[in-house]
Every structure is written in structure tokens, then in C-alpha cells.
Amino acid sequence: MSNAKKNKTKQKQSRLTNFVSFCQPNMVKGMMPLRKDYPVELPKAPDFLISLRAHTVWEKTPVKLFCTVSGQPNPVVKWYKNNVAIEPLSAPGKYKIENKYGAHSLIITTLFGIHPSKLEVTLLESFGVTFGTEGESVSLVANMVVVPDLPNLPPEAMWYRDDTLLMPSRWAEMSIGGGVAKLTLPHLNKDDEGLYTLRIWSKDGTAEHSAYLFVKDATPTVAGAPGAPMDVKVSDVNADYILVSWKPPNTTHEAPITGYFVDRRKSGTKDWVQCNDSPVKVCKLPVHGLTEGASYHFRVRAVNKDGISLPSRMSSGVTAAEVEMLFCINKHLIYSCLVYVTIPGPPTNVHATEINKTYIVLSWTPPSPRGRAPVWYLIEKCVGDSHIWQRVNTAVQLRSPRFPVYDMEDMKSYRFRIITVNKYGSSEPSEPTEITKLDKSVPSAPGQVIASRNTKTSAFVQWEAPKHTNNLMGYYVDASLVGSKKWFPCNHRPYKHTRFVVHGLVPGDTYVFRVQAVNAYGLSEESQESASLFIDAALSTPSAPYGISLLNCNGSSMTLAWKRPKNTGGSKIISYYLDKREAGSVDWKEVGPHPAVENLTSGVFYEFKVQAANLAGVGLPSEPSKAFACEAWTMAEPGQYSVYCLFWEVRDTSVLVQWKPPVYSGDCPITGFFVDMAKKGSSDFAAVNAEPIGHCYLKVAGLETGASYVFRVRAMNAKGVGKASDVSDPVCAKALPGTKEIVCGVDEETGDIFLNFEACEVSETSKFTWSKSYKEITESSRLPFVLSSSKLTFVNAEKEDLGVYSVAVTDTDGVSSSYSVNEEELRKMQELSYNIKHPIVPLKTELIYEILEKGHVRFWVQAQKLSSSVNYRFIVNDKAITSGYKISHDVSTGIIQMTIEHFTKANEGTYTIQMQDGKAKSQSTLVLVGDAFKVALKEADFQRKEHIRKQGPHFSEYLSFHVTDDCTVMLVCKLANVKKETTFTWFKEDEEITVDVPPNPMSGSCSLPIPMFSRKDQGIYKAVLGDDRGKDTSVYDVSGKGNDMYFITICSSASDLVLQCTPEGIRLQCSMKYYTEEMKTIWFHRESKISSSEKMRIGGTSEMAWMQICEPTDREKGHYTIEIHDGKKSHSRTFDLSGQVGYSVQMCYMNYLPSVDRGRVVGGLPDVVTIMEKKSLSLTCTVWGDPNPEVTWFKNEQEIVSDDRYKITFEGGKFASLTIKIVYLEDSGKYSINVRNKYGGEFVEITVSVYKKGEDIPEPKLGQSKSVATAKPGTPAPQSAKTPTPTPSLKSPTPTPPPSIKSPTPTPAPKSPTPPRSMRSPTPPRFMRSPTPTKK
């Protein structure tokens, strides 16, 4: 086929293909008439086309609410009431929900019965201003009366915080019922601070009550750390990030906040993860790196230079996901159209929603159409008007229509644009944003702050808003007590308004206030301080007086009385206005301020009313009095009168009642008064005083704390007792909080006696009224007194000033106190006053002297306190010292001193110091003559010589001695100021002592050991120290006292008498550290001295004294005593060998005879072995027993186990050996062998001493074998020349052994835990030890 034909064929095929593709949809539709055509539908977020509107309807009328909603796929609609989902089944028949073609409706029908809003509700006691601390639990309670009170129909109560409705949650628990509405905050946080309002729907509308809750910071874990942030919120929730915001805490005395850490936690876990590596300085943070679809909680911690705060309350849970969900496209769409969009369009409406110093949050509208494929976005930025665009999110595939852009420079302008991208390509850039400038900062400082009075414990503070708010969050208000310069926060959560009531202030104190504005960037500068404000209630007009009564009437005039208003309006009552009218008349006529009403008509009835006035104005008038008849009083006794009782000194169990005498006294003067009292509400009055009192006050004691009482008074004259007065107002027997009493003292400056009173409550207009015997001290009567507010000063207190003094504080709730000055107390105050007015300088020490080194003599005196202006002088033999001596003083210690460098016989005499410090004077004298002077002169000469001696080598401590544990006498001395050339020599009786080891003066001390001390070692010992600078000598007499001390030490170590059985009989022995024949020992039997004989042998070894009783019989029973004399006194030890003990001893001796087959060592072991280091040691002995005994070796009471170094052998049941291959210094110690069988055994000790090569072989100690040779390698140690004689056991091998034999009179002598080889036991366990002391 030619090329032309081929081209034509291809063109025909192409045209045919295009035609087929164009006609194919119609052809398919014709072939498939039953298949429905599906249009293209893109996902769409839910949207309200027609929103809900407000309705106002008549009561009991059904109402129908409509709305129209669109979205793809069809949205799910949920109806709510007060943020609570409506469930039609919860109230059957009341709610009906319908949905017809996107039109949704809620029909509310009328139900019959009582609705909660038809109840009558009256609030009674409600919660007030409350203060709490983070972490605590607080309950706000309101009591109410509900009519009718139905248990199943409580009132409908709503709780609000700052006008925001609260719902039950883990942070707020609500309950209502039983006449109580309660809101409990189980775990307080600063998020809970605010104005709480309880709103209850009732028949008459709503009943409301509001009060503020203050929540202060919890104590931080680190001192100085800031408080926790608050109000953590989340916004911009999407799959790429979540924006977390919060409010900063207030800082008054803490260091400024430098940043914040944000933590996150997945729901269902307990581990918090920190989101930012370094603190963020702004109260917002976009959090990235979240798992899509996971739910998170967030919290924030503040940071300053001192540490990190406690965490804030965590936010509510939020899920990281897109708001617009993606939906699958129906698969049938592929048959509907073959033409669709591939490349998306650009986004629109690009703008900045958050502008920060370091980042900007951009938002935009996704493109439409957006294409079939998933899209993502690219962000570009440029600086200012430049057209240099820079890609921002190069490494992040952004799918959300919001994103924070970081690394912004402050005070620069930026523009942004967005590009849409999918797998087919990218769109054109969006329109650039407007120029965005990063100039956000904290608000400017608030304006003028004005504080005014509110109540006795609160103040009203208002201020001008800052000129530059910059997204203001609220304000912090701080207060400071005037003069303290310490600020404290008034609120702990930003307050949104420019006025605030500060609560919790102290009445009577003066404060200043300041305000700071708060936004996400922190706190503004402080405002200027307000003017100082004295805390007291705001002024208002007084309330109405009450209780108008008639005191006297003479037929033409009346004298009236009334009770002052209960509320004076915060100011003193300055006047009263009295009006009158005739009974039955309507018109009132002004009488005047005086209680005496003149020019009345006799026989006419009159009514009165009265008004009180203060600085704020005239108050409300009282209720009209009852009608009083104008008829003259003619009673003989005092008539009934209205008494106005004043109550002072109200305490928990007492109150002082004061009244005025009645105006009408009867025919004769009043001679006394009776006071009656009753509890409030009771008519049973009881007389307080049995006898009449002549004054108009009475202190009533014995009251019940917290109970209220009323009183009445009856006046008495010679004709009788008049009628009781009107009942007083009730008074509660409870002291005011912080009540203090009058204190009597003496002024430290002037010496004046005073009475001082600190009031627990005071107002700006308060005055202190002082009285004596409850009569006010006026200008004319207070000549011997000086009044100064809360202090009463006596000019010259005398006996005439004895009595009861009282003080009352006006314009308070009865703040008062009294004090009784008696004769004894006045005398003490007068003495103290005299000492202050005629002061002396108090001295800690009188004038004394001390001898210093070099022979200088220091005379000094110490005062308790000295000022820098003190003056003084020393006088010696009536002559003032002006020069020649060193004189000085120290104000801090109060010491004044004079030093004489050359103290000679010419300095004998009398020394005096005179001093004056301000008005105070003092003098001290020291007489230094005769023998006292000779002693001082001798000591001065000695110290001078000592100083010269110490210039060369000398003894810092002279010779002394002590006895060591092994009874060696050690002569010791300490040296000073020595050098290498210094020599040291020992002498005894002026003969030089040659020692094995030469003394080393450079060590600072030298010692001379005297082992096995005896009387031949007594004498005068001398140590000589010298070099080219001089020589020093120390002498010590080791005789007499020294010898006695030695033997006292030895005798004190004597143990209790111990009994041992031997083949010949029994032996009583007393162990001690060292025993010698020079020690005088006497044995007694039944108080008879025992002499050594064949029957009773007396002897001893180097470690014990013993007495052997051969073949004991009953005659040898009884008490045995040994007396050991140490030269001063005797030490006795006693053993009772009678009764059951004697029988046991006899049985022990008898049982010994058949026990000769017990295990024992029969030879081969020495007492002491001395061996050179790194040699081999073998300890070998012959043992015997029938049956063959068991052998155990010990070192320092610890059992030895055979290993590479220690080899233990036991051959033929007779030869036992312990071999140490190579010995070292550490192998020195006490070794022992325990040989036992069923009949008993023996415990033998050997002392091994290892010395270094080249050293002399140590001499054996007293009591040790002299014939000890050095062991050679591989050879057994030499055997002791003496084989121990076996002795019987103290116990029988029978199953029931006799009781142990010990002295019944124990002494405090020490016991050694290791037994000597003479101690034996029938069949003890391996770990058993004998109580007998060991050899040394």
C-alpha cells in the first residue's frame, strides 16, 4: 500500500474514533435505559441555610422551631437545650423531632402538672465572698424556702461564673434539694476565680445571689517560681497543628516571667510530653507533630529565673483531624462523564488570623473546583513590596487551609500567597495578602486609678482603660499597705472590666492600689498608684432611732429617751431631730434636738418621732411612739423608766453593763440598783446582784459562750424598789475576732507608766475614750494623765491613781477593755520607772583582771549594751589614767579594757572604771592589794617566763601517764616548736634510759612504755628536750599516786568468781587483766580468813587468782569471798557454795570421774607463736577422746574452712593440724581449736604474731611462754612445754543437767566472749562460748 493511501486510512480511523467517543455516552444510554445517571457531587461541609430564630410565646402554648441544613453527605442534626442534648424518650410526649428534605423541626408540647418555675422560692442565708487556694475544695451553699416543697420536683437552679452558664463536670458538682442549693468545686484552680451567681426560677420571676470567689496560687515547689497559667484553650484544630492559648499569671513579688512550656497528653494515658524545647514568650503556641485522629489534652507551665511554676489545669480533650471530612465518590460516576478537572484552581481569601512577634497564622478558602485528586498547599512569602517570593513549607505537605509561619522578624512587613498542588500539577498563585506588619506588643499601662470605700473589709477600685489595648485579655489589680512597700495580688485571674471590688482587706488599715493590663504578650507596665484609702464602710445616712420612751413628766413638760440607730452610716451621730403631735392628729411639729419637750398641755396625749443626722445627712424617722399622757409623776419610789444599756467589754463568758440613772428618782435620792438578766426570747429574769450596787455599771460573768442575753435595771431609794426598766437590746456573749486587752507598761525612754490598748477594729473617725471607774476622764479631771489615742500615760503615778481604768473605741462594734491597777503592780511599775528615769549602764561583769601571754595584765569590764557615744575613764589609786597604758573599747561586745604590759610591784592598788552612756552611768572597782596582788604578780612573772620558754623547743603538754588495756604504763608528753636538730632524752632517777626505738620529736609527741609495771619501776622520770635555741625539762614522779592508779585499774578489771571442777576437786578463780603477788589478796570462807594448806591451796597465774578445794565435802559449803586491795580500797568478789549450788557442784565433781573419755587436747600446742612474714605456719596437736572427737579450728572466733591457704587435717582420730601456706601481717590474731565428743570437749587458744623481715622478734607478754621459737616454713610450731591438765565439766551429760553455777551476787566486771582452755562443757553446740574471761 502506498504512503498516501496509508495516511488517508489513518485520517479516516482518527475521525471515526473521535465520532465514536463523542457519541458513545448517548449510545450507552440507549443500550442501558434502566441505569440512572449520577451527577458529579463534591463533599461539602454542613451549613445552616435557614437558622433558628428567637420565639416569644404564651405560657402553655406549643412552640415549633425550624431550621434548614445543607451538606454532602447529609449532615446529622442534634437538638440541645442549655447545652444538654434533648432525648425525646426522657420526657415522653413533650418533644417531637422531624426531618423532611433538609428541613428540621422541634415541636415542644405542653405537659400538665407543676413546672419548677411555678414554685415559690425565697433565698435565706447564701454564700458570701469566698477565698480559696489552688488544690483545695470549696462549696458555695445557699439555703432557701420552697413552697410547695416536693421531693421529686426541686427548683430549677442555674449556676453562672462571670455570666457563663456552668454545667456539671469533673471540676464542678451541683446539687439542689432539701432547701439547699450547692455548688462544689472539688479541686480549685485559678480558672475557677470569678463572680458566681445562683439563679433560681420561681413563680415571681428569678431569685438571684452573687458573690466573688478568689483563688490564690498554691505554694510553688521552688521558692520564687511564678504562679501557674490559666484558661488553657485550643483552637484552629486540624490535622497539621493545634493552636494552644492561655492567660498569664499575675506577678507581684516574683521575678518576671521569661516564657512558658506547653505539655500534651494523649487521652487515656498519664504521661505528659513537653511540646517546645525552649520557653515561648507569648501566650500562644501552635503545636505540631500530632497523630491524626488522636485526642489530646494540653497544659502550660510558666518559667522565670527562679524556677518553673506548677502546671495549669489541663484543657478539654480535642481531636487532631480535619473539619471537612473526605468522602468516597460513588463508583458509578465513571459512567456519567469522561471529562473532569485535573489541575486545581488557586485558593481565595488568603488572610492572617493570628499575628505574633515570631509567627503568623494564615487562613484561606480552598479552591473550587479543586480537582478529583487530593490537594496540598505551598506557601510563599516576600518582605514588604518586593516581588522576591520565598517558599516557606518546603518539607511539609500541608493539607489544611490554615498554617502558622515561623521565623518572622519583629517590626517587619510581609506579604503571603498560596499555591494549590495535586498529582497533576500546581495552580496559579493566589492573590497576595495585604502588607502585614509585626508590631504586636503588650498593652499600654492603664490610666488613673481611683479607690473608694465599699465596706469595712473591701474597697471599690476603678481605672481608665489603656490607650493601646492590643487584644486585651483583662486586668490585674494589686494592693499595698501604706508604708510596707510590699504588693500583693487582689485577683488571680484577669478581670475584663475597668472596675473591681477588692475584698479581704483589714479594717482600719490604709492601702494604695495599682493596675496592670494583660494580653497574650504579657503584662503591661504598672499604672500610677491610687491615692491612699482608709478601709472603712462607705458613709451613708443613719438608720432610724427606735424605742422612744418617757423618762419624766411634771404636767407641762416631758423628758424623752430613745435608742440610737443600729446603723450610724459609718459616721458619728451629730444631731437628733424630734417631732411631736397630739394623739389623733396628722400634722407633725418640730420640737428641736433636745429630749426635753416644754409647753405641753396637761391631760393631753402626745406622740413623738425622732430622726438622726450624721455627716451624710438626715436619716429616716423612727416609728411614732405610743401616746404619752401629760400628767405629773408623783410616785414615792423611782418609777418605771426606759434605760439605754451600753454593753462594753463583751467577751465569751462576760459582759459589762452600763446605764444611766433614771430622771425621776421619787421622793428621795436613789440609793442603789438591781440588775436582772434573761436569755433572748425568755421572760424568766433572774437577779444578777443580791445586794444593791451604788454605781451605774456591773460586770456580769458566767455567761454561756455564743448565747444572747437581755437585761433590765431596777432603781431603789429609801421608799422602796421601783419598777423594772424596759428590756435592753440583746447582746451576744462572744468576743470580737482579734480582741486584745489593755497592757500596763513603762516607757523605755521617759520612764512614764502607761496603759496601752490595741483595738482590733477602728474607723477613720474612731476615738479612744478613757475612763476611771467608768467615768470619762475629761479635760478638767485628767491633770495627772496624758491622753494619746490608744495610750493613757500617768504623769506621776501615786496611790490615788489606783482603780479600774477602761477604754472604749467609738464608731466600732463595741471595741473596749478595762484594767485594774492594784497597789502591788503600781509598786513594781514605780520601781521600773525610777530605774529608767535614773538609768545605769547594766554590766555583765564587774571590773576584773586576767593574765595574758608575755605577762601582760588586762583589766576589763563588760556592759550589756554600749553606744558609740560612750565615755569612760580608768582611775588607779585615785589618779585618772591618761597615758602609758593601752585603753580601748568594743561597742559590739560592750567590753572596755586597759592593758599593762610591764606589771610590777608598783602596780599594787585600787582600780576603778567610770563610764557614761547617754543618761546612764556606772562604776566598777577592783582592789588588788596584799595576797591578791601577790598572786597576780606571780602569775604575770610565770607567763612572762613561759613566753620566753616557748621561743625554743618546749613541752606543749608535760609528762603524764595512763594504763593501757594490756596493763602497760605509758608515760606520754606533747612537744612544740621542734626541728630536725632537736634532741629528746628519757631519764629515771637522773640516769638515762636506753630505749629500743629512739624518740622522734618531729612527730609532736613521745611516749615511754613500762610493761608489767611493779614497785621496782617506781621513781622520778624526766624528759629533756633541747637544741641550739634552748632546753626544756618535764619531770613526773611515778610512785605513790601513780602506783595506786595502776593497781586500781587492774583491780577494777577483776571478774566474778567462777567455779571449775578439777581431778583433785573444785577451783574458785577470779580473772583480771594482770595479776602479781604485789597485789594483796585475801580469801574468806564464811567470814573466816583462809590460809593455804593441803586442803585449800591458794595461788595464781599472770591472769587470775585461784583457790583449789581438794576432795570437797559438805564442810566446804558456804560463802567464799576474795578481797583484792589496790592500795586505797578493797575489791571483793563472792561465790555462794551452799544449798542447791553445793549439791550441783558435788554432782559435777562426781560426774567428772566417768567423763574421762571426753574430747580434749593432750599436747602439742603452744600459747604464743611468733613467725616472720611470708613463711609457712603449721599448728599441730594431739587430741584424745572415746569415741573419737570432732575438731574445729577458729580465728578470732570465726570458724576456719579448708581452702587454698588454709589446710586442715585430722589423722587417725589423734593428730589435728592447721597449716597456713604463706602468712602475712593480717594473719596475726587469736587462733583456737575446739575438740568435742558426746562426753564433752575442750577449747584451746593460741596467739599468733606475724612480724616483718628485719624487725626484732617481739617479746612475749606476761603469762606467755618464754620458750617460743620462730616457726620455720613447712615445720609445725613448737609445742608448749606444759600440757594442760584436763578438768571436769560443770554440767552432767544426763538429759536433765543441773542449773549453771554462777555467783548469786553479780558485779559489773566485764566478761570476755571467748573461754579459756580450762573451761569445759558436757555436750554444748559448736557455737556455744564460755563466760570466763580470756587470757591477754
# chains A, B, ... in the order shown; residues from 1 in each chain; ligands from 1
call {"tool": "select_by_dssp", "arguments": {"residues": "range 833-939 of chain A", "states": "strand (DSSP E)", "output": "PyMOL selection string"}}
result
chain A and resi 843-851+857-863+871-876+879-880+886-890+895-900+909-917+920-928
call {"tool": "residues_around", "arguments": {"residues": "Val303 in chain A", "least_positions_apart": "2", "cutoff": "12 Å", "atoms": "only C-alpha atoms", "output": "number ranges by chain"}}
result
A: 220, 222, 224-229, 248-249, 251, 254-262, 278-281, 300-301, 305-311
call {"tool": "atom_distance", "arguments": {"atom1": "CA of Glu908 in chain A", "atom2": "CA of Gln943 in chain A"}}
result
18.2 Å
call {"tool": "closest_residue", "arguments": {"among": "A:Met677, A:Pro443, A:Ala239, A:Met558", "to": "Pro401 in chain A", "atoms": "only C-alpha atoms"}}
result
A:Ala239
call {"tool": "atom_distance", "arguments": {"atom1": "CA of Val1248 in chain A", "atom2": "CA of Lys1174 in chain A"}}
result
13.8 Å
call {"tool": "select_by_dssp", "arguments": {"residues": "range 313-519 of chain A", "states": "helix (DSSP H, G or I)", "output": "PyMOL selection string"}}
result
chain A and resi 331-335
call {"tool": "residues_around", "arguments": {"residues": "His594 in chain A", "least_positions_apart": "2", "cutoff": "8 Å", "atoms": "only C-alpha atoms", "output": "PyMOL selection string"}}
result
chain A and resi 576-578+591-592+596-597
call {"tool": "write_last_selection", "arguments": {"atoms": "N, CA and C atoms", "output": "CSV table (one decimal), in the first residue's frame"}}
result
chain,number,residue,atom,x,y,z
A,576,TYR,N,-29.9,65.0,116.7
A,576,TYR,CA,-31.2,64.4,116.6
A,576,TYR,C,-32.3,65.4,116.3
A,577,TYR,N,-33.3,65.1,115.6
A,577,TYR,CA,-34.5,66.0,115.3
A,577,TYR,C,-35.7,65.3,115.8
A,578,LEU,N,-36.4,66.0,116.8
A,578,LEU,CA,-37.6,65.5,117.5
A,578,LEU,C,-38.8,66.2,117.0
A,591,VAL,N,-39.9,69.9,117.3
A,591,VAL,CA,-39.6,70.3,118.7
A,591,VAL,C,-38.2,70.9,118.8
A,592,GLY,N,-37.2,70.2,118.2
A,592,GLY,CA,-35.8,70.6,118.3
A,592,GLY,C,-34.9,69.4,118.7
A,596,ALA,N,-36.0,67.2,126.1
A,596,ALA,CA,-37.0,67.8,127.0
A,596,ALA,C,-37.9,68.6,126.1
A,597,VAL,N,-39.2,68.3,126.2
A,597,VAL,CA,-40.2,69.0,125.4
A,597,VAL,C,-41.0,69.8,126.4
call {"tool": "residues_around", "arguments": {"residues": "range 91-103 of chain A", "least_positions_apart": "2", "cutoff": "8 Å", "atoms": "only C-alpha atoms", "output": "JSON, numbers by chain"}}
result
{"A": [66, 67, 68, 69, 70, 87, 88, 89, 105, 106, 107, 108, 109, 110, 111]}
call {"tool": "closest_atom_pairs", "arguments": {"of": "range 398-510 of chain A", "to": "range 151-166 of chain A", "cutoff": "12 Å", "atoms": "only C-alpha atoms", "output": "Markdown table"}}
result
| residue | atom | partner | partner_atom | distance |
| --- | --- | --- | --- | --- |
| A:Arg493 | CA | A:Asp162 | CA | 11.6 |
| A:Pro494 | CA | A:Asp162 | CA | 11.7 |
| A:Tyr495 | CA | A:Asp162 | CA | 9.6 |
| A:Lys496 | CA | A:Asp162 | CA | 9.7 |
| A:His497 | CA | A:Asp162 | CA | 11.0 |
call {"tool": "write_last_selection", "arguments": {"atoms": "N, CA and C atoms", "output": "short mmCIF file (atom, residue, chain, number, x, y, z; two decimals), in the first residue's frame"}}
result
data_model
loop_
_atom_site.label_atom_id
_atom_site.label_comp_id
_atom_site.auth_asym_id
_atom_site.auth_seq_id
_atom_site.Cartn_x
_atom_site.Cartn_y
_atom_site.Cartn_z
N ARG A 493 -6.97 36.05 88.39
CA ARG A 493 -7.41 35.75 87.02
C ARG A 493 -7.76 37.08 86.37
N PRO A 494 -7.32 37.33 85.13
CA PRO A 494 -7.58 38.64 84.51
C PRO A 494 -9.06 39.00 84.55
N TYR A 495 -9.31 40.24 84.99
CA TYR A 495 -10.68 40.77 85.12
C TYR A 495 -10.94 41.69 83.93
N LYS A 496 -12.09 41.52 83.26
CA LYS A 496 -12.31 42.17 81.97
C LYS A 496 -12.77 43.62 82.09
N HIS A 497 -13.36 44.01 83.21
CA HIS A 497 -13.93 45.35 83.31
C HIS A 497 -12.95 46.31 83.97
#
call {"tool": "atom_distance", "arguments": {"atom1": "CA of Val1024 in chain A", "atom2": "CA of Asn1000 in chain A"}}
result
12.9 Å
call {"tool": "residues_around", "arguments": {"residues": "Ser956 in chain A", "least_positions_apart": "2", "cutoff": "6 Å", "atoms": "only C-alpha atoms", "output": "PyMOL selection string"}}
result
chain A and resi 974-976
call {"tool": "write_last_selection", "arguments": {"atoms": "all heavy atoms", "output": "compact mmCIF listing (two decimals), in the first residue's frame"}}
result
# COMPACT_ATOMS: atom_id res chain seq x y z
N LYS A 974 53.63 15.92 124.95
CA LYS A 974 53.49 16.54 123.64
C LYS A 974 54.50 17.67 123.51
O LYS A 974 54.75 18.40 124.48
CB LYS A 974 52.07 17.05 123.43
CG LYS A 974 51.06 15.92 123.30
CD LYS A 974 49.69 16.45 122.92
CE LYS A 974 48.69 15.31 122.74
NZ LYS A 974 47.36 15.80 122.35
N LEU A 975 55.05 17.82 122.29
CA LEU A 975 56.13 18.76 122.03
C LEU A 975 55.66 19.84 121.06
O LEU A 975 54.72 19.62 120.28
CB LEU A 975 57.35 18.04 121.45
CG LEU A 975 57.72 16.70 122.11
CD1 LEU A 975 58.90 16.08 121.37
CD2 LEU A 975 58.05 16.89 123.58
N ALA A 976 56.36 20.96 121.07
CA ALA A 976 56.05 22.05 120.15
C ALA A 976 57.33 22.80 119.82
O ALA A 976 58.31 22.76 120.57
CB ALA A 976 55.01 22.99 120.76
call {"tool": "residues_around", "arguments": {"residues": "range 628-631 of chain A", "least_positions_apart": "6", "cutoff": "8 Å", "atoms": "only C-alpha atoms", "output": "ChimeraX atom specification"}}
result
/A:550,553-558,600-607
call {"tool": "residues_around", "arguments": {"residues": "range 384-393 of chain A", "least_positions_apart": "5", "cutoff": "10 Å", "atoms": "only C-alpha atoms", "output": "ChimeraX atom specification"}}
result
/A:377-379,398,403,405-407,412-418,434-437
call {"tool": "closest_residue", "arguments": {"among": "A:Ala863, A:Tyr476, A:Ala1105, A:Val502", "to": "Ile1124 in chain A", "atoms": "only C-alpha atoms"}}
result
A:Ala1105
call {"tool": "closest_residue", "arguments": {"among": "A:Ala701, A:His253, A:Glu637, A:Thr221", "to": "Ser480 in chain A", "atoms": "only C-alpha atoms"}}
result
A:His253
call {"tool": "closest_residue", "arguments": {"among": "A:Ser532, A:Thr133, A:Gly71, A:Ala940", "to": "Thr219 in chain A", "atoms": "only C-alpha atoms"}}
result
A:Thr133
